[in-house]
file my_file.cif (mmCIF, C-alpha atoms)
data_protein
#
loop_
_atom_site.label_atom_id
_atom_site.label_comp_id
_atom_site.auth_asym_id
_atom_site.auth_seq_id
_atom_site.Cartn_x
_atom_site.Cartn_y
_atom_site.Cartn_z
CA MET A 1 -65.05 6.67 36.94
CA GLY A 2 -64.18 6.30 33.25
CA LEU A 3 -61.06 4.85 31.71
CA ILE A 4 -58.18 7.23 31.07
CA LYS A 5 -58.21 6.38 27.37
CA ASP A 6 -61.73 7.80 27.13
CA ILE A 7 -60.43 11.36 27.46
CA TYR A 8 -59.95 10.94 23.69
CA SER A 9 -63.63 11.04 22.83
CA VAL A 10 -65.59 12.28 19.82
CA SER A 11 -66.52 15.46 21.69
CA PHE A 12 -62.87 16.10 22.59
CA TYR A 13 -61.77 15.92 18.94
CA GLU A 14 -64.71 18.03 17.78
CA ASN A 15 -63.97 20.78 20.30
CA PHE A 16 -60.25 20.58 19.62
CA SER A 17 -60.77 20.75 15.85
CA LYS A 18 -62.97 23.80 16.23
CA ALA A 19 -60.29 25.58 18.30
CA VAL A 20 -57.58 24.68 15.74
CA ALA A 21 -59.65 25.90 12.78
CA GLU A 22 -60.19 29.26 14.46
CA VAL A 23 -56.47 30.02 14.16
CA TYR A 24 -55.69 27.79 11.17
CA PRO A 25 -58.56 28.29 8.69
CA THR A 26 -57.30 25.68 6.19
CA PHE A 27 -57.41 22.97 8.86
CA GLU A 28 -59.72 20.23 7.56
CA LYS A 29 -61.77 19.47 10.66
CA GLN A 30 -63.93 16.69 9.31
CA LYS A 31 -61.10 14.87 7.57
CA PHE A 32 -59.03 15.12 10.75
CA ILE A 33 -61.78 13.52 12.84
CA GLU A 34 -62.37 10.83 10.22
CA ALA A 35 -58.64 10.02 10.20
CA ILE A 36 -58.60 9.81 14.00
CA PHE A 37 -61.43 7.27 14.10
CA ASP A 38 -60.34 5.33 11.04
CA GLY A 39 -59.47 1.69 11.74
CA ASN A 40 -59.32 0.21 15.24
CA PHE A 41 -59.39 3.36 17.41
CA ALA A 42 -61.81 1.75 19.87
CA GLN A 43 -59.31 -1.03 20.63
CA LYS A 44 -56.41 1.34 21.31
CA GLU A 45 -55.29 1.99 24.88
CA TRP A 46 -54.50 5.46 26.20
CA LYS A 47 -50.89 5.74 25.05
CA GLU A 48 -51.75 4.28 21.65
CA ARG A 49 -54.54 6.84 21.23
CA MET A 50 -52.20 9.64 22.23
CA LYS A 51 -49.51 8.54 19.75
CA HIS A 52 -52.14 8.06 17.06
CA THR A 53 -53.40 11.60 17.68
CA THR A 54 -49.85 12.94 17.29
CA VAL A 55 -49.38 11.20 13.95
CA VAL A 56 -52.76 12.24 12.54
CA PHE A 57 -52.37 15.81 13.80
CA HIS A 58 -49.01 16.01 12.02
CA GLN A 59 -50.67 15.02 8.74
CA PHE A 60 -52.88 18.12 8.91
CA MET A 61 -50.21 20.56 10.11
CA PRO A 62 -47.60 22.52 8.11
CA GLN A 63 -44.81 20.12 7.25
CA ASN A 64 -42.20 22.76 8.03
CA PHE A 65 -41.41 22.09 11.70
CA PRO A 66 -40.81 25.71 12.85
CA GLU A 67 -44.10 26.73 11.19
CA ALA A 68 -45.90 23.90 12.94
CA VAL A 69 -44.44 24.88 16.33
CA ALA A 70 -45.51 28.50 15.84
CA LEU A 71 -48.99 27.27 15.02
CA ILE A 72 -49.11 25.04 18.10
CA ASP A 73 -48.38 28.12 20.22
CA LYS A 74 -51.34 29.89 18.62
CA ILE A 75 -53.56 26.83 19.10
CA ILE A 76 -52.66 26.65 22.80
CA GLU A 77 -53.44 30.34 23.22
CA ASN A 78 -56.84 29.78 21.60
CA LEU A 79 -57.53 26.67 23.67
CA ARG A 80 -57.07 28.76 26.79
CA LYS A 81 -59.49 31.34 25.41
CA ASN A 82 -61.95 28.48 24.86
CA ASN A 83 -61.61 27.49 28.54
CA PHE A 84 -59.47 24.39 28.05
CA ALA A 85 -57.58 24.03 31.31
CA ASP A 86 -53.80 23.92 31.59
CA SER A 87 -52.34 20.47 32.45
CA ASN A 88 -55.19 18.70 30.66
CA LEU A 89 -53.64 15.27 30.07
CA ALA A 90 -55.33 14.90 26.70
CA PHE A 91 -52.99 17.51 25.23
CA VAL A 92 -49.80 15.61 26.01
CA PHE A 93 -49.64 14.90 22.26
CA PHE A 94 -48.33 18.47 21.84
CA ALA A 95 -45.20 17.45 23.77
CA ASP A 96 -45.11 14.16 21.88
CA TYR A 97 -45.22 16.11 18.61
CA ILE A 98 -41.95 17.86 19.50
CA GLU A 99 -40.37 14.57 20.52
CA MET A 100 -41.42 12.80 17.30
CA TYR A 101 -40.79 15.51 14.72
CA GLY A 102 -38.33 17.96 16.31
CA LEU A 103 -35.39 15.82 17.38
CA ASP A 104 -33.22 17.12 14.53
CA ASP A 105 -34.12 20.77 15.18
CA PHE A 106 -32.70 21.52 18.59
CA GLU A 107 -33.09 25.31 18.45
CA THR A 108 -36.79 25.24 17.57
CA SER A 109 -37.55 22.36 19.93
CA LYS A 110 -35.92 23.88 23.02
CA LYS A 111 -38.12 26.99 22.59
CA ALA A 112 -41.17 24.81 21.97
CA PHE A 113 -40.59 22.95 25.24
CA VAL A 114 -40.55 26.22 27.18
CA SER A 115 -43.90 27.35 25.76
CA ILE A 116 -45.70 23.98 25.62
CA THR A 117 -44.73 22.83 29.12
CA GLN A 118 -46.60 25.83 30.52
CA PHE A 119 -49.75 24.22 29.09
CA ILE A 120 -48.95 20.50 29.37
CA SER A 121 -45.81 18.97 30.88
CA CYS A 122 -43.01 17.95 28.52
CA GLU A 123 -41.06 15.85 31.04
CA PHE A 124 -41.19 12.69 28.89
CA ALA A 125 -40.58 14.44 25.57
CA VAL A 126 -37.27 16.02 26.61
CA ARG A 127 -35.63 12.64 27.31
CA PRO A 128 -34.54 11.81 23.74
CA PHE A 129 -33.06 15.31 23.47
CA ILE A 130 -30.96 14.74 26.60
CA LEU A 131 -29.69 11.48 25.11
CA LYS A 132 -28.88 13.04 21.76
CA TYR A 133 -27.54 16.45 22.78
CA LYS A 134 -26.26 15.67 26.30
CA GLU A 135 -24.32 18.69 27.64
CA GLN A 136 -26.04 21.08 25.22
CA MET A 137 -29.47 20.03 26.50
CA ILE A 138 -28.40 20.00 30.15
CA ASP A 139 -27.03 23.54 29.77
CA GLU A 140 -30.41 24.60 28.42
CA MET A 141 -32.20 22.95 31.33
CA ILE A 142 -29.96 24.78 33.80
CA LYS A 143 -31.26 27.99 32.22
CA TRP A 144 -34.83 26.68 32.56
CA SER A 145 -34.24 26.20 36.29
CA LEU A 146 -34.02 30.00 36.56
CA HIS A 147 -37.12 30.68 34.48
CA GLU A 148 -39.91 32.87 35.88
CA ASN A 149 -42.58 30.21 35.22
CA HIS A 150 -42.76 27.34 37.73
CA HIS A 151 -43.77 24.81 35.06
CA VAL A 152 -40.55 25.51 33.16
CA ARG A 153 -38.48 25.29 36.35
CA ARG A 154 -40.12 21.95 37.17
CA LEU A 155 -39.37 20.68 33.66
CA ALA A 156 -35.68 21.30 34.33
CA SER A 157 -35.78 19.03 37.38
CA GLU A 158 -38.40 16.46 36.39
CA GLY A 159 -37.18 16.05 32.83
CA SER A 160 -33.60 15.46 33.96
CA ARG A 161 -34.40 12.72 36.49
CA PRO A 162 -32.08 9.78 35.84
CA ARG A 163 -34.88 7.26 36.44
CA LEU A 164 -38.12 9.07 35.63
CA PRO A 165 -40.91 6.46 36.01
CA TRP A 166 -42.63 5.29 32.82
CA ALA A 167 -39.98 7.09 30.76
CA MET A 168 -36.71 6.10 29.13
CA ALA A 169 -33.81 6.11 31.59
CA ILE A 170 -30.80 8.33 31.02
CA PRO A 171 -27.81 5.96 31.44
CA PHE A 172 -25.10 8.63 31.54
CA LEU A 173 -26.97 10.47 34.32
CA LYS A 174 -27.45 7.24 36.27
CA LYS A 175 -23.69 6.73 36.09
CA ASP A 176 -22.72 10.34 36.83
CA PRO A 177 -25.42 12.90 37.72
CA SER A 178 -22.96 15.73 38.40
CA SER A 179 -24.07 17.68 35.32
CA ILE A 180 -27.63 18.11 36.67
CA LEU A 181 -26.67 19.08 40.22
CA PRO A 182 -26.64 22.81 39.32
CA ILE A 183 -30.33 22.44 38.39
CA LEU A 184 -31.14 21.06 41.84
CA GLU A 185 -28.99 23.70 43.51
CA ASN A 186 -30.91 26.45 41.72
CA LEU A 187 -34.24 24.97 42.78
CA LYS A 188 -33.54 23.93 46.37
CA ASN A 189 -35.44 26.95 47.72
CA ASP A 190 -38.02 27.26 44.98
CA PRO A 191 -41.23 28.97 46.14
CA SER A 192 -43.34 26.31 44.40
CA GLU A 193 -43.98 23.05 46.25
CA TYR A 194 -44.66 21.49 42.83
CA VAL A 195 -41.05 22.27 41.87
CA ARG A 196 -39.53 21.30 45.23
CA ARG A 197 -41.21 17.90 45.13
CA SER A 198 -39.66 17.32 41.72
CA VAL A 199 -36.23 18.21 43.13
CA ALA A 200 -36.80 15.64 45.89
CA ASN A 201 -37.81 13.01 43.33
CA ASN A 202 -34.69 13.74 41.32
CA LEU A 203 -32.53 13.32 44.44
CA ASN A 204 -34.29 10.05 45.22
CA ASP A 205 -33.47 8.82 41.70
CA ILE A 206 -29.82 9.77 42.19
CA ALA A 207 -29.73 7.98 45.55
CA LYS A 208 -30.50 4.65 43.87
CA ASP A 209 -27.24 4.73 41.91
CA ASN A 210 -25.10 7.30 43.72
CA PRO A 211 -26.11 7.40 47.40
CA GLN A 212 -22.97 9.22 48.48
CA ILE A 213 -23.86 12.22 46.32
CA VAL A 214 -27.25 12.55 48.01
CA LEU A 215 -25.68 12.13 51.45
CA GLU A 216 -23.26 14.96 50.65
CA ILE A 217 -26.12 17.16 49.44
CA ALA A 218 -28.14 16.36 52.58
CA SER A 219 -25.21 17.47 54.74
CA LYS A 220 -24.65 20.60 52.65
CA TRP A 221 -28.31 21.67 52.57
CA LYS A 222 -29.19 20.75 56.16
CA GLY A 223 -30.81 23.62 58.02
CA HIS A 224 -30.77 25.92 55.00
CA SER A 225 -34.55 26.36 55.25
CA LYS A 226 -37.68 24.45 56.24
CA GLU A 227 -38.43 23.87 52.56
CA THR A 228 -34.96 22.57 51.79
CA ASP A 229 -35.05 20.24 54.79
CA GLY A 230 -38.32 18.88 53.38
CA ILE A 231 -36.68 18.26 50.01
CA ILE A 232 -33.83 16.34 51.66
CA LYS A 233 -36.22 14.20 53.68
CA HIS A 234 -38.37 13.26 50.70
CA GLY A 235 -35.31 12.83 48.50
CA SER A 236 -33.76 10.44 51.03
CA ARG A 237 -36.74 8.12 51.28
CA THR A 238 -35.06 5.25 49.43
CA LEU A 239 -31.95 5.53 51.60
CA LEU A 240 -34.14 5.58 54.71
CA LYS A 241 -36.02 2.49 53.55
CA GLN A 242 -32.69 0.79 52.93
CA GLY A 243 -31.60 1.64 56.46
CA HIS A 244 -28.53 3.46 55.16
CA PRO A 245 -26.41 4.23 58.27
CA GLU A 246 -25.32 7.73 57.21
CA ILE A 247 -28.81 9.00 56.49
CA LEU A 248 -30.11 7.47 59.72
CA SER A 249 -27.34 9.28 61.56
CA HIS A 250 -28.20 12.47 59.68
CA TYR A 251 -31.67 12.36 61.24
CA GLY A 252 -30.53 11.06 64.62
CA LEU A 253 -32.40 7.81 64.16
CA GLU A 254 -30.79 5.37 66.60
CA SER A 255 -32.34 2.04 67.52
CA SER A 256 -30.53 1.46 70.82
CA ASN A 257 -32.86 0.92 73.79
CA ILE A 258 -35.96 1.00 71.60
CA GLU A 259 -37.59 -2.24 72.69
CA LEU A 260 -39.84 -4.38 70.50
CA SER A 261 -42.02 -6.92 72.30
CA SER A 262 -45.09 -9.11 71.79
CA PHE A 263 -44.54 -9.21 68.03
CA GLU A 264 -47.27 -11.51 66.72
CA ILE A 265 -48.87 -12.43 63.42
CA LYS A 266 -52.57 -12.80 64.19
CA THR A 267 -53.34 -14.47 60.85
CA PRO A 268 -50.54 -17.02 60.25
CA THR A 269 -52.50 -18.33 57.27
CA VAL A 270 -53.75 -15.73 54.80
CA LYS A 271 -55.90 -16.24 51.72
CA ILE A 272 -55.11 -14.26 48.58
CA GLY A 273 -57.64 -11.43 48.65
CA ASP A 274 -57.59 -11.10 52.47
CA TYR A 275 -55.40 -9.22 54.95
CA LEU A 276 -52.36 -10.18 56.97
CA GLN A 277 -52.95 -8.94 60.55
CA PHE A 278 -50.12 -8.35 62.99
CA GLN A 279 -49.34 -6.46 66.19
CA PHE A 280 -46.45 -5.57 68.49
CA HIS A 281 -45.48 -3.32 71.38
CA LEU A 282 -42.86 -0.59 71.27
CA ASN A 283 -41.16 0.96 74.28
CA ASN A 284 -38.55 3.73 74.44
CA LYS A 285 -36.22 2.54 77.23
CA ASN A 286 -33.99 5.61 76.92
CA GLU A 287 -34.06 8.36 79.53
CA GLU A 288 -34.87 11.00 76.93
CA PRO A 289 -37.44 11.28 74.11
CA LYS A 290 -36.42 9.57 70.88
CA THR A 291 -37.62 9.93 67.32
CA VAL A 292 -38.57 6.52 65.98
CA ARG A 293 -38.97 5.73 62.29
CA LEU A 294 -41.18 2.67 62.31
CA GLU A 295 -41.55 0.40 59.29
CA TYR A 296 -42.33 -3.19 58.47
CA ALA A 297 -41.00 -5.41 55.71
CA VAL A 298 -42.89 -8.08 53.83
CA HIS A 299 -40.59 -10.67 52.32
CA TYR A 300 -42.71 -11.83 49.41
CA LYS A 301 -42.21 -15.28 47.95
CA LYS A 302 -41.54 -14.97 44.22
CA ALA A 303 -42.13 -17.29 41.26
CA LYS A 304 -38.71 -18.97 41.55
CA GLY A 305 -39.08 -19.53 45.30
CA HIS A 306 -36.79 -16.73 46.51
CA LEU A 307 -37.94 -13.93 48.78
CA ALA A 308 -38.11 -10.26 47.77
CA LYS A 309 -38.28 -7.62 50.50
CA LYS A 310 -40.58 -4.60 50.32
CA VAL A 311 -40.61 -1.98 53.09
CA PHE A 312 -43.74 -0.13 54.24
CA LYS A 313 -43.66 2.90 56.52
CA ILE A 314 -45.84 2.98 59.64
CA SER A 315 -44.85 6.30 61.21
CA GLU A 316 -42.03 8.57 62.25
CA LYS A 317 -42.61 10.40 65.52
CA MET A 318 -41.30 11.14 68.99
CA TYR A 319 -41.66 8.55 71.76
CA HIS A 320 -41.27 9.63 75.39
CA PRO A 321 -39.23 7.63 77.92
CA ASN A 322 -40.97 4.38 78.92
CA GLN A 323 -43.84 5.12 76.54
CA LEU A 324 -45.24 1.67 75.83
CA THR A 325 -47.30 1.69 72.64
CA LYS A 326 -49.32 -1.10 71.05
CA ILE A 327 -49.33 -1.04 67.26
CA GLU A 328 -51.65 -3.06 65.02
CA ARG A 329 -51.55 -3.20 61.25
CA ASN A 330 -53.22 -4.96 58.31
CA GLN A 331 -51.37 -5.72 55.07
CA SER A 332 -53.54 -6.28 52.03
CA PHE A 333 -53.15 -9.29 49.77
CA LYS A 334 -55.96 -8.23 47.49
CA LEU A 335 -55.18 -8.80 43.84
CA ILE A 336 -53.81 -5.73 42.07
CA THR A 337 -52.40 -5.22 38.58
CA THR A 338 -48.96 -4.15 39.81
CA ARG A 339 -48.19 -7.19 41.97
CA VAL A 340 -48.53 -10.94 41.52
CA PHE A 341 -48.87 -13.01 44.68
CA TYR A 342 -47.47 -16.54 44.98
CA THR A 343 -48.70 -19.07 47.49
CA GLY A 344 -46.34 -20.49 50.10
CA VAL A 345 -44.34 -19.25 53.05
CA HIS A 346 -43.72 -15.49 53.26
CA GLN A 347 -42.02 -13.49 56.01
CA LEU A 348 -42.65 -10.34 58.03
CA SER A 349 -40.32 -8.18 60.10
CA ILE A 350 -40.46 -4.87 61.99
CA ILE A 351 -37.86 -2.18 61.29
CA ILE A 352 -36.97 0.33 64.01
CA ASN A 353 -34.77 3.23 62.88
CA GLY A 354 -33.31 1.09 60.14
CA THR A 355 -32.69 -1.99 62.30
CA GLU A 356 -34.68 -5.05 61.31
CA SER A 357 -36.21 -7.26 63.99
CA GLU A 358 -36.66 -10.98 64.11
CA VAL A 359 -38.53 -12.42 61.14
CA LEU A 360 -41.86 -14.19 61.53
CA LYS A 361 -43.36 -16.51 58.93
CA PHE A 362 -46.85 -16.75 57.52
CA GLU A 363 -48.41 -18.78 54.74
CA LEU A 364 -50.30 -17.41 51.78
CA ILE A 365 -52.89 -19.74 50.26
CA ASP A 366 -55.43 -19.65 47.41
#
call {"tool": "encode", "arguments": {"input": "my_file.cif", "output": "structure tokens"}}
result
Amino acid sequence: MGLIKDIYSVSFYENFSKAVAEVYPTFEKQKFIEAIFDGNFAQKEWKERMKHTTVVFHQFMPQNFPEAVALIDKIIENLRKNNFADSNLAFVFFADYIEMYGLDDFETSKKAFVSITQFISCEFAVRPFILKYKEQMIDEMIKWSLHENHHVRRLASEGSRPRLPWAMAIPFLKKDPSSILPILENLKNDPSEYVRRSVANNLNDIAKDNPQIVLEIASKWKGHSKETDGIIKHGSRTLLKQGHPEILSHYGLESSNIELSSFEIKTPTVKIGDYLQFQFHLNNKNEEPKTVRLEYAVHYKKAKGHLAKKVFKISEKMYHPNQLTKIERNQSFKLITTRVFYTGVHQLSIIINGTESEVLKFELID
């Protein structure tokens, strides 16, 4: 499997240049490719290559922004004719082009987002426009949420997320997301799962700063449809992991008479690169079946010696009365780029319907 940055290859630029020249005859294909590979292109990572492509592409496009946007629409149409697939990540520089060169031309840019996002998502590119134009941009996105194309509807939800990962946050939406709630309301029954998942992700973002708003939406939308119930569940995942009492009550997740026993860490000493192994028994001591959301928490030792808790889901299912179940799990301590492990004493606990059990200790060593 190749590196993501390698989508920007010589063959990509040659094929792209050919498609551009077919609708823009004065486009200087060879000079464009030479400018792309001038300097230290080989050392650039994916995002650097994408940004570099945006800048070089701009140098060979009409300098009048509306003319350039009209040409991009024609280029996209020709790319499709040349069998370039929609959602091809390499073409995210089209969205970046609007972000970099269209911020002062709201009218042209808002139309460009609608057309471009149907070819490659513009969820990151709309963020500076939300910050600059605020209500004006949100009003436009509310209109997008009613658009006939599902990519445009998703852009309304995904682009307006207060905490979109790998993108700039929107502080005023983190503080008060009320202006984007009409977007979510419009999309709560969307026929596209792609759109509904974005609505759930937006709700989950909101829950991190304004849990009460999500709890109110969960109560309001409950039972509206199977699809809407799915949105609520996925959008409440942070609240569920936090063991928030109201959301647990919303799903009838009670921990009384759910008995944990024989909780044991089988590997009390774990080497970095190996697995923590643990097991326990669970028994529903109630007289009726109970839904049990089962999780475990690893309390990781951090660089300064404090512990940081991370919750992992095991399952959520029905347990019959006096159903004794043995559960075994392995937790990886293999080195990964997104987490640094520190040697010393860590902790492990089991969480049953939001209620955390006793904590057991284990040691991580080199």
call {"tool": "resolve_selection", "arguments": {"input": "my_file.cif", "expression": "the PyMOL selection byres ((chain A and resi 242) around 12)", "output": "JSON, numbers by chain"}}
result
{"A": [207, 208, 211, 236, 237, 238, 239, 240, 241, 243, 244, 245, 246, 247, 248, 295, 296, 297, 309, 310, 311, 312, 313, 351, 352, 353, 354, 355, 356]}
call {"tool": "resolve_selection", "arguments": {"input": "my_file.cif", "expression": "the PyMOL selection byres ((chain A and resi 113) around 9)", "output": "PyMOL selection string"}}
result
chain A and resi 95+98+108-112+114-118+121-122+125-126+152+155
call {"tool": "closest_residue", "arguments": {"input": "my_file.cif", "among": "A:Gly252, A:Pro321, A:Pro165, A:Gly235", "to": "Asn283 (chain A)", "atoms": "only C-alpha atoms"}}
result
A:Pro321
call {"tool": "resolve_selection", "arguments": {"input": "my_file.cif", "expression": "the PyMOL selection byres ((chain A and resi 162) around 12)", "output": "ChimeraX atom specification"}}
result
/A:123-124,127,130-131,157-161,163-181,199,201-210
call {"tool": "residues_around", "arguments": {"input": "my_file.cif", "residues": "region 185-194 of chain A", "least_positions_apart": "2", "cutoff": "12 Å", "atoms": "all atoms listed in the file", "output": "MDAnalysis selection string"}}
result
chainID A and resid 141:158 178:183 196:203 217:218 220:232 235
call {"tool": "atom_distance", "arguments": {"input": "my_file.cif", "atom1": "CA of Lys18 (chain A)", "atom2": "CA of Gly102 (chain A)"}}
result
25.3 Å
call {"tool": "atom_distance", "arguments": {"input": "my_file.cif", "atom1": "CA of Val56 (chain A)", "atom2": "CA of Ile36 (chain A)"}}
result
6.5 Å
call {"tool": "axis_aligned_box", "arguments": {"input": "my_file.cif", "around": "region 230-237 of chain A", "padding_each_side": "6 Å", "output": "JSON"}}
result
{"center_x": -36.1, "center_y": 13.5, "center_z": 51.1, "size_x": 16.6, "size_y": 22.8, "size_z": 17.2}
call {"tool": "closest_residue", "arguments": {"input": "my_file.cif", "among": "A:Phe16, A:Val10, A:Glu216, A:Phe93", "to": "Phe37 (chain A)", "atoms": "only C-alpha atoms"}}
result
A:Val10
call {"tool": "atom_distance", "arguments": {"input": "my_file.cif", "atom1": "CA of Ile272 (chain A)", "atom2": "CA of Val340 (chain A)"}}
result
10.2 Å
